>>> print(open('data-v4.tsv').read())   # TSV, C-alpha atoms
chain	number	residue	atom	x	y	z
A	22	MET	CA	-13.52	27.95	-14.33
A	23	SER	CA	-12.70	24.59	-12.83
A	24	ARG	CA	-9.48	24.44	-10.87
A	25	TYR	CA	-8.60	21.40	-13.02
A	26	SER	CA	-8.60	23.37	-16.28
A	27	GLN	CA	-4.99	24.51	-15.90
A	28	THR	CA	-3.13	22.64	-13.20
A	29	GLY	CA	0.49	22.51	-14.23
A	30	LEU	CA	2.19	19.51	-12.66
A	31	THR	CA	1.36	17.87	-9.35
A	32	PRO	CA	3.19	15.10	-7.48
A	33	ALA	CA	1.10	11.94	-7.51
A	34	TRP	CA	0.99	8.23	-6.68
A	35	VAL	CA	-1.08	5.58	-8.45
A	36	LEU	CA	-3.41	3.86	-6.00
A	37	HIS	CA	-5.24	1.53	-8.38
A	38	SER	CA	-6.04	1.14	-12.07
A	39	ARG	CA	-8.34	-0.91	-14.28
A	40	PRO	CA	-8.87	-1.27	-18.04
A	41	TYR	CA	-10.97	1.36	-19.79
A	42	SER	CA	-12.01	1.22	-23.43
A	43	ASN	CA	-9.69	-0.72	-25.72
A	44	THR	CA	-6.39	0.98	-25.01
A	45	SER	CA	-6.82	3.13	-21.90
A	46	LEU	CA	-6.86	2.85	-18.11
A	47	LEU	CA	-8.98	4.37	-15.39
A	48	VAL	CA	-6.43	5.38	-12.78
A	49	ASP	CA	-7.09	6.35	-9.16
A	50	LEU	CA	-4.44	8.83	-8.05
A	51	PHE	CA	-3.41	10.31	-4.72
A	52	THR	CA	-2.10	13.77	-5.63
A	53	LEU	CA	-0.52	16.53	-3.60
A	54	ASN	CA	-2.57	19.36	-5.07
A	55	PHE	CA	-5.95	17.73	-5.54
A	56	GLY	CA	-6.13	14.78	-3.17
A	57	ARG	CA	-7.74	11.60	-4.43
A	58	ILE	CA	-8.97	11.77	-8.03
A	59	THR	CA	-9.77	9.41	-10.90
A	60	CYS	CA	-8.31	9.97	-14.37
A	61	VAL	CA	-8.43	8.39	-17.80
A	62	ALA	CA	-4.93	7.52	-19.00
A	63	ARG	CA	-5.50	7.38	-22.73
A	64	GLY	CA	-3.55	4.96	-24.89
A	65	VAL	CA	-1.57	3.50	-21.98
A	66	ARG	CA	-2.45	-0.06	-23.00
A	67	LYS	CA	-1.26	0.41	-26.58
A	68	LYS	CA	1.79	-1.62	-27.57
A	69	GLY	CA	4.92	0.42	-26.97
A	70	SER	CA	3.25	3.00	-24.75
A	71	ARG	CA	5.87	4.95	-22.79
A	72	LEU	CA	3.47	5.45	-19.89
A	73	ALA	CA	2.67	1.78	-19.38
A	74	ALA	CA	5.82	1.21	-17.33
A	75	ILE	CA	5.31	4.16	-14.99
A	76	VAL	CA	1.56	4.42	-14.43
A	77	GLN	CA	1.94	1.87	-11.67
A	78	PRO	CA	1.61	1.85	-7.88
A	79	PHE	CA	4.62	2.86	-5.77
A	80	ILE	CA	6.33	4.96	-8.46
A	81	PRO	CA	6.53	8.67	-7.54
A	82	LEU	CA	5.12	10.72	-10.39
A	83	VAL	CA	4.51	14.28	-11.48
A	84	THR	CA	1.45	14.67	-13.67
A	85	SER	CA	-0.83	17.19	-15.30
A	86	ILE	CA	-4.57	16.82	-14.91
A	87	SER	CA	-7.36	18.31	-17.02
A	88	GLY	CA	-11.13	18.09	-17.27
A	89	ARG	CA	-14.24	19.44	-15.58
A	90	GLY	CA	-16.15	16.24	-14.81
A	91	ALA	CA	-15.81	13.69	-12.03
A	92	VAL	CA	-13.32	11.72	-14.13
A	93	LYS	CA	-10.33	13.79	-15.28
A	94	THR	CA	-7.80	13.21	-18.04
A	95	LEU	CA	-4.19	12.35	-17.32
A	96	GLY	CA	-1.88	14.51	-19.39
A	97	LYS	CA	1.86	14.78	-19.06
A	98	CYS	CA	3.21	12.15	-16.68
A	99	GLU	CA	6.78	11.54	-15.59
A	100	ALA	CA	8.45	9.35	-12.99
A	101	VAL	CA	10.64	11.35	-10.62
A	102	ASP	CA	12.27	8.33	-9.01
A	103	ARG	CA	12.50	4.59	-9.35
A	104	TYR	CA	9.90	2.03	-8.31
A	105	GLN	CA	9.77	1.39	-4.59
A	106	ALA	CA	11.07	-2.18	-4.42
A	107	LEU	CA	8.55	-3.74	-2.06
A	108	GLN	CA	8.25	-7.46	-1.47
A	109	GLY	CA	6.34	-9.94	0.66
A	110	GLU	CA	4.35	-8.59	3.56
A	111	ARG	CA	5.65	-5.06	2.93
A	112	LEU	CA	4.15	-5.10	-0.55
A	113	TYR	CA	0.77	-6.26	0.79
A	114	SER	CA	1.00	-3.60	3.50
A	115	ALA	CA	1.58	-0.92	0.88
A	116	TYR	CA	-1.47	-2.13	-1.04
A	117	TYR	CA	-3.44	-1.90	2.21
A	118	LEU	CA	-2.43	1.77	2.51
A	119	ASN	CA	-3.62	2.37	-1.06
A	120	GLU	CA	-6.93	0.65	-0.39
A	121	LEU	CA	-7.39	2.62	2.82
A	122	ILE	CA	-6.82	5.92	1.00
A	123	LEU	CA	-9.28	4.92	-1.74
A	124	LYS	CA	-12.03	4.04	0.72
A	125	ALA	CA	-11.49	6.68	3.40
A	126	LEU	CA	-10.52	9.92	1.68
A	127	PRO	CA	-13.17	12.07	0.00
A	128	VAL	CA	-12.64	12.93	-3.66
A	129	SER	CA	-10.84	16.12	-4.69
A	130	GLU	CA	-9.82	17.28	-1.22
A	131	PRO	CA	-6.09	17.92	-0.77
A	132	HIS	CA	-4.37	16.30	2.21
A	133	ASP	CA	-0.81	17.51	1.85
A	134	GLN	CA	0.38	16.31	5.26
A	135	LEU	CA	-1.03	12.83	4.71
A	136	PHE	CA	0.52	12.83	1.23
A	137	ALA	CA	3.93	13.46	2.82
A	138	VAL	CA	3.36	10.75	5.46
A	139	TYR	CA	2.38	8.26	2.74
A	140	ALA	CA	5.56	8.95	0.78
A	141	ASP	CA	7.70	8.63	3.91
A	142	ILE	CA	6.10	5.35	4.92
A	143	LEU	CA	6.57	3.84	1.45
A	144	GLY	CA	10.24	4.74	1.76
A	145	GLU	CA	10.44	3.16	5.21
A	146	LEU	CA	8.68	0.02	3.98
A	147	THR	CA	11.31	-0.20	1.27
A	148	THR	CA	14.31	0.12	3.60
A	149	GLY	CA	12.89	-2.37	6.09
A	150	LYS	CA	14.33	-0.48	9.07
A	151	GLU	CA	11.01	-0.08	10.90
A	152	GLN	CA	8.51	-2.81	11.81
A	153	THR	CA	5.68	-3.07	9.30
A	154	GLU	CA	3.06	-3.03	12.06
A	155	LEU	CA	4.47	0.21	13.44
A	156	LEU	CA	4.36	1.90	10.04
A	157	LEU	CA	0.76	0.83	9.42
A	158	ARG	CA	-0.38	2.17	12.79
A	159	LYS	CA	1.46	5.43	12.10
A	160	PHE	CA	-0.38	5.93	8.82
A	161	GLU	CA	-3.76	4.99	10.29
A	162	LEU	CA	-3.31	7.52	13.10
A	163	HIS	CA	-2.44	10.27	10.64
A	164	LEU	CA	-5.36	9.38	8.36
A	165	LEU	CA	-7.88	9.45	11.21
A	166	SER	CA	-6.50	12.80	12.34
A	167	GLU	CA	-6.74	14.24	8.81
A	168	LEU	CA	-10.39	13.19	8.62
A	169	GLY	CA	-11.24	14.80	11.95
A	170	TYR	CA	-11.20	11.58	13.99
A	171	GLY	CA	-7.92	12.11	15.83
A	172	LEU	CA	-7.61	9.98	18.95
A	173	GLN	CA	-8.08	11.60	22.36
A	174	LEU	CA	-5.38	9.95	24.45
A	175	ASP	CA	-4.89	12.30	27.40
A	176	TYR	CA	-7.74	11.56	29.77
A	177	ASP	CA	-10.75	9.41	30.62
A	178	VAL	CA	-13.67	11.17	28.92
A	179	LYS	CA	-16.11	10.00	31.60
A	180	SER	CA	-14.19	10.84	34.78
A	181	GLY	CA	-11.89	13.52	33.44
A	182	GLU	CA	-8.92	11.77	35.07
A	183	PRO	CA	-5.62	11.41	33.19
A	184	ILE	CA	-5.03	8.08	31.46
A	185	GLN	CA	-3.16	5.79	33.84
A	186	VAL	CA	-0.68	3.11	32.85
A	187	SER	CA	-2.07	0.48	35.19
A	188	LYS	CA	-5.72	0.74	34.13
A	189	GLN	CA	-7.78	-0.74	31.32
A	190	TYR	CA	-9.96	1.32	28.98
A	191	ARG	CA	-12.50	0.86	26.26
A	192	TYR	CA	-12.17	3.41	23.48
A	193	GLU	CA	-15.51	4.56	22.09
A	194	HIS	CA	-15.17	5.97	18.59
A	195	ALA	CA	-17.44	8.96	19.21
A	196	THR	CA	-15.99	10.07	22.54
A	197	GLY	CA	-12.72	8.48	23.63
A	198	ALA	CA	-11.29	6.35	26.42
A	199	ILE	CA	-13.42	5.22	29.38
A	200	GLU	CA	-11.99	3.18	32.25
A	201	VAL	CA	-13.17	-0.41	32.46
A	202	THR	CA	-14.23	-1.53	35.92
A	203	GLY	CA	-15.36	-4.93	37.15
A	204	SER	CA	-17.18	-6.92	34.47
A	205	ASP	CA	-17.87	-3.79	32.43
A	206	HIS	CA	-15.82	-5.12	29.50
A	207	LEU	CA	-18.26	-8.03	29.12
A	208	GLN	CA	-21.10	-5.65	28.31
A	209	HIS	CA	-19.49	-3.99	25.32
A	210	SER	CA	-18.22	-5.10	21.91
A	211	ILE	CA	-15.71	-2.26	22.00
A	212	PRO	CA	-12.11	-3.50	22.36
A	213	VAL	CA	-10.38	-2.99	25.69
A	214	VAL	CA	-6.84	-1.58	25.67
A	215	SER	CA	-4.41	-0.75	28.43
A	216	GLY	CA	-3.62	2.74	29.58
A	217	GLU	CA	-0.01	1.88	28.82
A	218	CYS	CA	-0.92	1.27	25.17
A	219	LEU	CA	-2.93	4.51	24.91
A	220	LEU	CA	-0.03	6.55	26.29
A	221	ALA	CA	2.37	4.75	23.96
A	222	LEU	CA	0.10	5.70	21.05
A	223	LYS	CA	0.02	9.31	22.23
A	224	ASP	CA	3.81	9.56	22.11
A	225	PHE	CA	4.06	7.09	19.23
A	226	ARG	CA	6.52	4.84	21.01
A	227	LEU	CA	4.94	1.50	20.14
A	228	THR	CA	8.06	-0.54	20.72
A	229	GLU	CA	6.56	-3.42	22.72
A	230	LYS	CA	4.76	-6.31	21.01
A	231	PRO	CA	1.78	-6.19	23.42
A	232	HIS	CA	1.32	-2.49	22.61
A	233	LEU	CA	1.40	-3.18	18.88
A	234	ALA	CA	-1.18	-5.94	19.25
A	235	GLU	CA	-3.50	-3.73	21.29
A	236	ALA	CA	-3.02	-0.80	18.90
A	237	LYS	CA	-3.91	-3.01	15.93
A	238	LYS	CA	-7.10	-4.12	17.67
A	239	LEU	CA	-8.05	-0.52	18.45
A	240	MET	CA	-7.29	0.83	14.97
A	241	ARG	CA	-9.23	-1.99	13.32
A	242	TYR	CA	-12.25	-1.13	15.43
A	243	LEU	CA	-12.03	2.59	14.59
A	244	ILE	CA	-11.43	2.10	10.87
A	245	ASN	CA	-14.15	-0.54	10.67
A	246	HIS	CA	-16.57	1.98	12.13
A	247	LEU	CA	-15.35	4.75	9.82
A	248	LEU	CA	-15.77	2.62	6.69
A	249	GLY	CA	-18.96	0.84	7.71
A	250	GLY	CA	-17.40	-2.62	7.95
A	251	TYR	CA	-15.66	-2.52	4.57
A	252	HIS	CA	-13.79	-5.76	3.84
A	253	PHE	CA	-10.22	-5.05	2.72
A	254	LYS	CA	-9.10	-7.17	-0.21
A	255	SER	CA	-5.44	-6.54	0.63
A	256	ARG	CA	-5.97	-8.02	4.10
A	257	GLU	CA	-7.65	-11.09	2.63
A	258	PHE	CA	-4.83	-11.70	0.14
A	259	PHE	CA	-2.22	-11.27	2.87
A	260	THR	CA	-4.04	-13.61	5.27
A	261	ASN	CA	-4.44	-16.28	2.61
A	262	ARG	CA	-0.74	-16.13	1.77
A	263	TYR	CA	0.80	-15.79	5.22
A	264	GLN	CA	-1.94	-17.18	7.49
A	265	ARG	CA	-1.92	-14.04	9.64
A	266	LYS	CA	-3.40	-10.59	9.47
A	267	ILE	CA	-2.07	-7.11	8.78
>>> encode(input="data-v4.tsv", output="structure tokens")
Amino acid sequence: MSRYSQTGLTPAWVLHSRPYSNTSLLVDLFTLNFGRITCVARGVRKKGSRLAAIVQPFIPLVTSISGRGAVKTLGKCEAVDRYQALQGERLYSAYYLNELILKALPVSEPHDQLFAVYADILGELTTGKEQTELLLRKFELHLLSELGYGLQLDYDVKSGEPIQVSKQYRYEHATGAIEVTGSDHLQHSIPVVSGECLLALKDFRLTEKPHLAEAKKLMRYLINHLLGGYHFKSREFFTNRYQRKI
């Protein structure tokens, strides 16, 4: 029997939705119990539908899921809290997280720790207490770790020497950090980052603007490789609106 036949309720977030049939939606969910799944939300687009107001991104839900095929059916669905009031660049950043989950996570594999991190970061984006860039890097680091691509930030993988603050390194996605010497950086398309940045990433103390800039460059390189050069729509919309990149 499929594990989706009788699921009870699972916490969930809507990542994306699109029209399906005349009155329904196809909804991509990030759930605690089942990871990333796609469901049909029947009748949601009917006039007066109770679910229309809550089957939306950034509203914490509990739902029941049924079905044996690749596309499940959304059953009972309730909001457990209010909409996360996100605006401006924080809203675009949250959509970037959703798009990243959709493209990076395999279907139907639970990632309970990442689920918790996602919920925490949405809350932090709402309060505005932490820098947006810091929150995005935090989520990217956790996602890479969940997928088995956690960063090796302790030592130079070529020499075996500990990472040193004063040195420069290129970070190869398949191995790790290698010290850059002489004109070595000119022979590689891999971004070069400082040892200071790598150690700041290790302890997650990215408080300096130069560290955040280097970390963004590194994470973009790693995620680009992971997703085969996928072009993020959320980044494009943000860039067009604010003339800078997330």
>>> closest_residue(input="data-v4.tsv", among="A:Asn119, A:Asn54, A:Thr147, A:Gln185", to="Ala33 of chain A", atoms="only C-alpha atoms")
A:Asn54
>>> residues_around(input="data-v4.tsv", residues="segment 192-194 of chain A", least_positions_apart="3", cutoff="9 Å", atoms="only C-alpha atoms", output="ChimeraX atom specification")
/A:170,172,197-200,211-214,239,242-243,246-247
>>> write_last_selection(input="data-v4.tsv", atoms="C-alpha atoms", output="PDB file, in the frame of the given file")
ATOM      1  CA  TYR A 170     -11.200  11.580  13.990  1.00  0.00           C
ATOM      2  CA  LEU A 172      -7.610   9.980  18.950  1.00  0.00           C
ATOM      3  CA  GLY A 197     -12.720   8.480  23.630  1.00  0.00           C
ATOM      4  CA  ALA A 198     -11.290   6.350  26.420  1.00  0.00           C
ATOM      5  CA  ILE A 199     -13.420   5.220  29.380  1.00  0.00           C
ATOM      6  CA  GLU A 200     -11.990   3.180  32.250  1.00  0.00           C
ATOM      7  CA  ILE A 211     -15.710  -2.260  22.000  1.00  0.00           C
ATOM      8  CA  PRO A 212     -12.110  -3.500  22.360  1.00  0.00           C
ATOM      9  CA  VAL A 213     -10.380  -2.990  25.690  1.00  0.00           C
ATOM     10  CA  VAL A 214      -6.840  -1.580  25.670  1.00  0.00           C
ATOM     11  CA  LEU A 239      -8.050  -0.520  18.450  1.00  0.00           C
ATOM     12  CA  TYR A 242     -12.250  -1.130  15.430  1.00  0.00           C
ATOM     13  CA  LEU A 243     -12.030   2.590  14.590  1.00  0.00           C
ATOM     14  CA  HIS A 246     -16.570   1.980  12.130  1.00  0.00           C
ATOM     15  CA  LEU A 247     -15.350   4.750   9.820  1.00  0.00           C
TER      16      LEU A 247
END
>>> closest_residue(input="data-v4.tsv", among="A:Leu135, A:Leu47, A:Val101, A:Cys60", to="Arg89 of chain A", atoms="only C-alpha atoms")
A:Cys60
>>> residues_around(input="data-v4.tsv", residues="Ala125 of chain A", least_positions_apart="5", cutoff="10 Å", atoms="all atoms listed in the file", output="ChimeraX atom specification")
/A:57,120,164-165,168,244,247-248
>>> write_last_selection(input="data-v4.tsv", atoms="C-alpha atoms", output="short mmCIF file (atom, residue, chain, number, x, y, z; two decimals), in the coordinates of the input")
data_model
loop_
_atom_site.label_atom_id
_atom_site.label_comp_id
_atom_site.auth_asym_id
_atom_site.auth_seq_id
_atom_site.Cartn_x
_atom_site.Cartn_y
_atom_site.Cartn_z
CA ARG A 57 -7.74 11.60 -4.43
CA GLU A 120 -6.93 0.65 -0.39
CA LEU A 164 -5.36 9.38 8.36
CA LEU A 165 -7.88 9.45 11.21
CA LEU A 168 -10.39 13.19 8.62
CA ILE A 244 -11.43 2.10 10.87
CA LEU A 247 -15.35 4.75 9.82
CA LEU A 248 -15.77 2.62 6.69
#
>>> atom_distance(input="data-v4.tsv", atom1="atom CA of Ser166 of chain A", atom2="atom CA of Asn245 of chain A")
15.5 Å
>>> residues_around(input="data-v4.tsv", residues="Leu222 of chain A", least_positions_apart="2", cutoff="10 Å", atoms="all atoms listed in the file", output="count of residues only")
17
>>> closest_residue(input="data-v4.tsv", among="A:Ser114, A:Thr59, A:Thr228, A:Gln77", to="Lys93 of chain A", atoms="only C-alpha atoms")
A:Thr59
>>> closest_residue(input="data-v4.tsv", among="A:Val83, A:Val178, A:Tyr41, A:Leu50", to="Lys67 of chain A", atoms="only C-alpha atoms")
A:Tyr41
>>> atom_distance(input="data-v4.tsv", atom1="atom CA of Arg66 of chain A", atom2="atom CA of Thr44 of chain A")
4.5 Å
>>> decode(input="data-v4.tsv", residues="segment 222-255 of chain A", atoms="N, CA and C atoms", output="PDB file, in the first residue's frame")
ATOM      1  N   LEU A 222      32.154  31.342   6.754  1.00  0.00           N
ATOM      2  CA  LEU A 222      31.079  30.432   6.357  1.00  0.00           C
ATOM      3  C   LEU A 222      31.011  29.221   7.281  1.00  0.00           C
ATOM      4  N   LYS A 223      32.150  28.700   7.642  1.00  0.00           N
ATOM      5  CA  LYS A 223      32.207  27.529   8.518  1.00  0.00           C
ATOM      6  C   LYS A 223      31.494  27.798   9.838  1.00  0.00           C
ATOM      7  N   ASP A 224      31.743  28.957  10.417  1.00  0.00           N
ATOM      8  CA  ASP A 224      31.140  29.317  11.700  1.00  0.00           C
ATOM      9  C   ASP A 224      29.838  30.091  11.535  1.00  0.00           C
ATOM     10  N   PHE A 225      29.467  30.336  10.317  1.00  0.00           N
ATOM     11  CA  PHE A 225      28.312  31.147   9.931  1.00  0.00           C
ATOM     12  C   PHE A 225      28.281  32.475  10.697  1.00  0.00           C
ATOM     13  N   ARG A 226      29.344  33.222  10.501  1.00  0.00           N
ATOM     14  CA  ARG A 226      29.446  34.568  11.065  1.00  0.00           C
ATOM     15  C   ARG A 226      29.732  35.557   9.927  1.00  0.00           C
ATOM     16  N   LEU A 227      28.872  35.539   8.940  1.00  0.00           N
ATOM     17  CA  LEU A 227      29.031  36.412   7.771  1.00  0.00           C
ATOM     18  C   LEU A 227      28.513  37.803   8.090  1.00  0.00           C
ATOM     19  N   THR A 228      29.275  38.530   8.867  1.00  0.00           N
ATOM     20  CA  THR A 228      28.837  39.852   9.304  1.00  0.00           C
ATOM     21  C   THR A 228      29.441  40.981   8.473  1.00  0.00           C
ATOM     22  N   GLU A 229      30.491  40.693   7.727  1.00  0.00           N
ATOM     23  CA  GLU A 229      31.167  41.719   6.941  1.00  0.00           C
ATOM     24  C   GLU A 229      30.669  41.702   5.492  1.00  0.00           C
ATOM     25  N   LYS A 230      30.473  42.872   4.917  1.00  0.00           N
ATOM     26  CA  LYS A 230      29.987  42.956   3.535  1.00  0.00           C
ATOM     27  C   LYS A 230      30.881  42.216   2.539  1.00  0.00           C
ATOM     28  N   PRO A 231      32.216  42.343   2.637  1.00  0.00           N
ATOM     29  CA  PRO A 231      33.062  41.582   1.701  1.00  0.00           C
ATOM     30  C   PRO A 231      32.844  40.073   1.797  1.00  0.00           C
ATOM     31  N   HIS A 232      32.616  39.566   3.011  1.00  0.00           N
ATOM     32  CA  HIS A 232      32.364  38.132   3.183  1.00  0.00           C
ATOM     33  C   HIS A 232      31.048  37.732   2.522  1.00  0.00           C
ATOM     34  N   LEU A 233      30.032  38.562   2.692  1.00  0.00           N
ATOM     35  CA  LEU A 233      28.736  38.272   2.082  1.00  0.00           C
ATOM     36  C   LEU A 233      28.835  38.260   0.555  1.00  0.00           C
ATOM     37  N   ALA A 234      29.592  39.196   0.004  1.00  0.00           N
ATOM     38  CA  ALA A 234      29.762  39.255  -1.450  1.00  0.00           C
ATOM     39  C   ALA A 234      30.496  38.019  -1.967  1.00  0.00           C
ATOM     40  N   GLU A 235      31.554  37.615  -1.266  1.00  0.00           N
ATOM     41  CA  GLU A 235      32.295  36.428  -1.675  1.00  0.00           C
ATOM     42  C   GLU A 235      31.442  35.176  -1.526  1.00  0.00           C
ATOM     43  N   ALA A 236      30.680  35.105  -0.432  1.00  0.00           N
ATOM     44  CA  ALA A 236      29.831  33.934  -0.191  1.00  0.00           C
ATOM     45  C   ALA A 236      28.755  33.816  -1.269  1.00  0.00           C
ATOM     46  N   LYS A 237      28.194  34.952  -1.688  1.00  0.00           N
ATOM     47  CA  LYS A 237      27.197  34.922  -2.759  1.00  0.00           C
ATOM     48  C   LYS A 237      27.806  34.367  -4.051  1.00  0.00           C
ATOM     49  N   LYS A 238      29.001  34.835  -4.368  1.00  0.00           N
ATOM     50  CA  LYS A 238      29.691  34.371  -5.573  1.00  0.00           C
ATOM     51  C   LYS A 238      29.934  32.864  -5.518  1.00  0.00           C
ATOM     52  N   LEU A 239      30.375  32.381  -4.363  1.00  0.00           N
ATOM     53  CA  LEU A 239      30.645  30.959  -4.204  1.00  0.00           C
ATOM     54  C   LEU A 239      29.371  30.128  -4.286  1.00  0.00           C
ATOM     55  N   MET A 240      28.326  30.560  -3.595  1.00  0.00           N
ATOM     56  CA  MET A 240      27.078  29.786  -3.584  1.00  0.00           C
ATOM     57  C   MET A 240      26.423  29.774  -4.960  1.00  0.00           C
ATOM     58  N   ARG A 241      26.530  30.869  -5.687  1.00  0.00           N
ATOM     59  CA  ARG A 241      25.986  30.894  -7.047  1.00  0.00           C
ATOM     60  C   ARG A 241      26.695  29.873  -7.934  1.00  0.00           C
ATOM     61  N   TYR A 242      27.997  29.810  -7.793  1.00  0.00           N
ATOM     62  CA  TYR A 242      28.769  28.841  -8.572  1.00  0.00           C
ATOM     63  C   TYR A 242      28.342  27.414  -8.239  1.00  0.00           C
ATOM     64  N   LEU A 243      28.211  27.093  -6.953  1.00  0.00           N
ATOM     65  CA  LEU A 243      27.868  25.737  -6.538  1.00  0.00           C
ATOM     66  C   LEU A 243      26.448  25.357  -6.937  1.00  0.00           C
ATOM     67  N   ILE A 244      25.513  26.279  -6.763  1.00  0.00           N
ATOM     68  CA  ILE A 244      24.119  25.989  -7.114  1.00  0.00           C
ATOM     69  C   ILE A 244      23.952  25.925  -8.623  1.00  0.00           C
ATOM     70  N   ASN A 245      24.663  26.772  -9.337  1.00  0.00           N
ATOM     71  CA  ASN A 245      24.632  26.720 -10.799  1.00  0.00           C
ATOM     72  C   ASN A 245      25.096  25.355 -11.298  1.00  0.00           C
ATOM     73  N   HIS A 246      26.140  24.830 -10.675  1.00  0.00           N
ATOM     74  CA  HIS A 246      26.624  23.509 -11.070  1.00  0.00           C
ATOM     75  C   HIS A 246      25.608  22.433 -10.693  1.00  0.00           C
ATOM     76  N   LEU A 247      25.036  22.534  -9.508  1.00  0.00           N
ATOM     77  CA  LEU A 247      24.057  21.547  -9.054  1.00  0.00           C
ATOM     78  C   LEU A 247      22.845  21.476  -9.973  1.00  0.00           C
ATOM     79  N   LEU A 248      22.385  22.637 -10.443  1.00  0.00           N
ATOM     80  CA  LEU A 248      21.154  22.697 -11.231  1.00  0.00           C
ATOM     81  C   LEU A 248      21.406  22.806 -12.733  1.00  0.00           C
ATOM     82  N   GLY A 249      22.655  22.628 -13.143  1.00  0.00           N
ATOM     83  CA  GLY A 249      22.954  22.624 -14.568  1.00  0.00           C
ATOM     84  C   GLY A 249      22.722  23.947 -15.251  1.00  0.00           C
ATOM     85  N   GLY A 250      22.963  25.056 -14.538  1.00  0.00           N
ATOM     86  CA  GLY A 250      22.823  26.374 -15.151  1.00  0.00           C
ATOM     87  C   GLY A 250      21.405  26.875 -15.228  1.00  0.00           C
ATOM     88  N   TYR A 251      20.509  26.337 -14.412  1.00  0.00           N
ATOM     89  CA  TYR A 251      19.113  26.782 -14.411  1.00  0.00           C
ATOM     90  C   TYR A 251      19.017  28.284 -14.174  1.00  0.00           C
ATOM     91  N   HIS A 252      18.162  28.951 -14.929  1.00  0.00           N
ATOM     92  CA  HIS A 252      17.976  30.398 -14.833  1.00  0.00           C
ATOM     93  C   HIS A 252      16.788  30.690 -13.912  1.00  0.00           C
ATOM     94  N   PHE A 253      17.048  31.283 -12.770  1.00  0.00           N
ATOM     95  CA  PHE A 253      15.996  31.559 -11.791  1.00  0.00           C
ATOM     96  C   PHE A 253      15.129  32.731 -12.215  1.00  0.00           C
ATOM     97  N   LYS A 254      13.830  32.487 -12.307  1.00  0.00           N
ATOM     98  CA  LYS A 254      12.896  33.556 -12.670  1.00  0.00           C
ATOM     99  C   LYS A 254      12.805  34.598 -11.563  1.00  0.00           C
ATOM    100  N   SER A 255      12.873  34.148 -10.312  1.00  0.00           N
ATOM    101  CA  SER A 255      12.789  35.087  -9.191  1.00  0.00           C
ATOM    102  C   SER A 255      13.960  36.066  -9.209  1.00  0.00           C
TER     103      SER A 255
END
